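Student: So that we are looking at the same thing, I have put the structure below in structure tokens.
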Amino acid sequence: MWLSSSDGLMHVRAVRARSAATRRFDLWRIPGRKRLVMDGHDLALTADLSALRMRLSLSGTLEDGCAYVGAVPLTPGLRGQLDGYREQAQALEGHAPQISHVRSVTRAALLHLRALQALDASQAGASHRDIAHALFGLESVVLRWHEDGELRAQVRHLLRRAEFFMNGGYLSLAGVLDPAAKQPGDEPMR
């Protein structure tokens with residue numbers, strides 16, 4: 001909590017009730033496990049519902065049963081955040097957000113994950129064979145580990161790939177650098 005900022009959060013503020021149909025704040029109507037933390041003059045609310053986490057900034061003057069309004073920061077990325085803010089507004093009304101289907105793992109994501117795991121193990125002093133054991137299992141190492149075998153080549157490739165990312169290649173993944181810069185091991189086959 002202490003590292004977070006309330007700048008990108010939906011701010012829930014108390015307002016004067018204009019009619020009986022005005023929305024009323026009820027902390028217990030918000031689904032999920034809730035935590036409140038004092039954040040200066042306001043409160044930071046975190047609600048966890050399954051794998052989803054919702055964070056809101058609540059006005060210090062907001063009381064239970066009080067009429068409220070939600071305000072979102074006008075930022076250049078607002079269009080991409082609208083669905084999240086809509087889910088938060090629905091949660092304030094007591095509706096649990098829809099949990100989207102889990103995306104399947106792509107080959108590239110698995111390759112990145114294994115490369116980073118191999119780099120961590122290498123920097124911790126693990127041998128290439130130990131890295132293969134951790135990533136691919138003991139049975140694979142027993143059956144496929146040879147002096148110049150395919151499994152050993154995979155480990156070397158993962159380590160080269162991770163070192164490339166560590167030495168600035170991550171910028172191309174983030175879209176900061178030209179994506180035309182080729183990653184080690186992505187050369188065309190002849």
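By order of appearance in the structure tokens: chains A, B, ..., then residues from 1 within every chain, and ligands from 1 in the order shown.
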Find the spatial neighbours of region 58-75 of chain A, counting only C-alpha atoms, within a cut-off of 8 Å - ignore same-chain residues fewer than 2 positions away - and output them as a list in words.
Tutor: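 Non-adjacent residues within range: Asp7, Gly8, Leu9, Met10, His11, Val12, Arg13, Ala14, Val15, Arg16, Ala17, Thr22, Arg23, Arg24, Phe25, Asp26, Leu27, His41, Asp42, Leu43, Ala44, Leu45, Leu56, Gly77, Leu78, Tyr85 and Ala89 of chain A.
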Student: Next, write the just-selected residues to a file, as a compact mmCIF listing (two decimals), in the first residue's frame, keeping C-alpha atoms as the atom set.
Tutor:
```txt
# COMPACT_ATOMS: atom_id res chain seq x y z
CA ASP A 7 -3.77 9.15 -8.90
CA GLY A 8 -5.10 6.45 -11.24
CA LEU A 9 -7.96 5.31 -9.01
CA MET A 10 -11.66 6.00 -9.18
CA HIS A 11 -12.44 8.59 -6.50
CA VAL A 12 -15.71 8.12 -4.61
CA ARG A 13 -16.97 11.38 -3.10
CA ALA A 14 -19.97 12.36 -1.00
CA VAL A 15 -22.60 14.61 -2.65
CA ARG A 16 -25.91 16.09 -1.56
CA ALA A 17 -28.83 13.79 -2.38
CA THR A 22 -29.65 8.82 -5.84
CA ARG A 23 -27.12 6.06 -5.28
CA ARG A 24 -26.23 5.47 -1.62
CA PHE A 25 -22.83 4.24 -0.46
CA ASP A 26 -22.77 0.92 1.38
CA LEU A 27 -19.33 -0.51 2.06
CA HIS A 41 -7.20 12.70 4.18
CA ASP A 42 -8.85 9.95 2.17
CA LEU A 43 -9.19 6.18 2.50
CA ALA A 44 -7.80 3.64 0.05
CA LEU A 45 -10.14 0.67 -0.38
CA LEU A 56 -10.77 2.85 -4.98
CA GLY A 77 -5.03 6.25 -21.31
CA LEU A 78 -8.61 6.73 -20.10
CA TYR A 85 -13.95 1.77 -14.14
CA ALA A 89 -18.97 1.31 -10.56
```
Student: What's around Ile131 (chain A) at 10 Å? Count only C-alpha atoms, leave out sequence neighbours fewer than 6 positions away in its own chain, and write the answer as a PDB file with C-alpha atoms, in the first residue's frame.
Tutor:
```pdb
ATOM      1  CA  ARG A 114      11.707 -20.225 -19.155  1.00  0.00           C
ATOM      2  CA  GLN A 117      13.931 -18.761 -14.929  1.00  0.00           C
ATOM      3  CA  ALA A 118      17.121 -20.039 -16.566  1.00  0.00           C
ATOM      4  CA  LEU A 119      18.809 -16.662 -16.057  1.00  0.00           C
ATOM      5  CA  ASP A 120      17.803 -16.582 -12.374  1.00  0.00           C
ATOM      6  CA  ALA A 121      19.179 -20.074 -11.858  1.00  0.00           C
ATOM      7  CA  SER A 122      22.390 -19.287 -13.732  1.00  0.00           C
ATOM      8  CA  GLY A 125      25.239 -20.534  -9.607  1.00  0.00           C
ATOM      9  CA  GLY A 137      12.154 -32.393 -15.205  1.00  0.00           C
ATOM     10  CA  VAL A 141      17.341 -34.800 -18.328  1.00  0.00           C
ATOM     11  CA  ARG A 152      21.576 -28.761 -23.612  1.00  0.00           C
ATOM     12  CA  VAL A 155      19.270 -24.344 -22.123  1.00  0.00           C
ATOM     13  CA  LEU A 159      20.317 -18.249 -21.399  1.00  0.00           C
TER      14      LEU A 159
END
```
Student: Run DSSP on the backbone and give me the residues of region 25-128 of chain A it puts in helix (DSSP H, G or I), as a PyMOL selection string.
Tutor: chain A and resi 27-29+78-92+107-123+128
Student: Record the distance separating CA of Pro97 (chain A) and CA of Val37 (chain A), expressed in Å with one decimal.
Tutor: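 These two atoms are separated by 22.7 Å.
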Student: Given only C-alpha atoms as the basis, pick out the residue of A:Leu110, A:Ala124, A:Ala132, A:Met54 nearest to Glu150 (chain A).
Tutor: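 Smallest separation from Glu150 (chain A) among the options: A:Ala132.
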Student: Hey, can you check how far CA of Arg161 (chain A) sits from CA of His112 (chain A)?
Tutor: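 Separating CA of Arg161 (chain A) from CA of His112 (chain A) is a distance of 8.2 Å.
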Student: Which value, in Å to one decimal, gives the distance between CA of Gly94 (chain A) and CA of Gly32 (chain A)?
Tutor: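 Interatomic distance here is 9.9 Å.
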Student: Using DSSP secondary structure from the backbone, list all strand (DSSP E or B) positions within region 59-151 of chain A, as number ranges by chain.
Tutor: A: 67-71
Student: Name the residues in contact with Leu111 (chain A) at a cut-off of 9 Å, using only C-alpha atoms, excluding same-chain residues fewer than 5 positions from it; report them as a list in words.
Tutor: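 Near Leu111 (chain A), the qualifying residues are Thr106, Leu116 and Leu158 of chain A.
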Student: Restricting the output to C-alpha atoms, write the selected residues as a PDB file, in the first residue's frame.
Tutor:
```
ATOM      1  CA  THR A 106       1.381 -18.607 -25.903  1.00  0.00           C
ATOM      2  CA  LEU A 116      14.007 -15.677 -17.157  1.00  0.00           C
ATOM      3  CA  LEU A 158      17.303 -19.766 -23.156  1.00  0.00           C
TER       4      LEU A 158
END
```
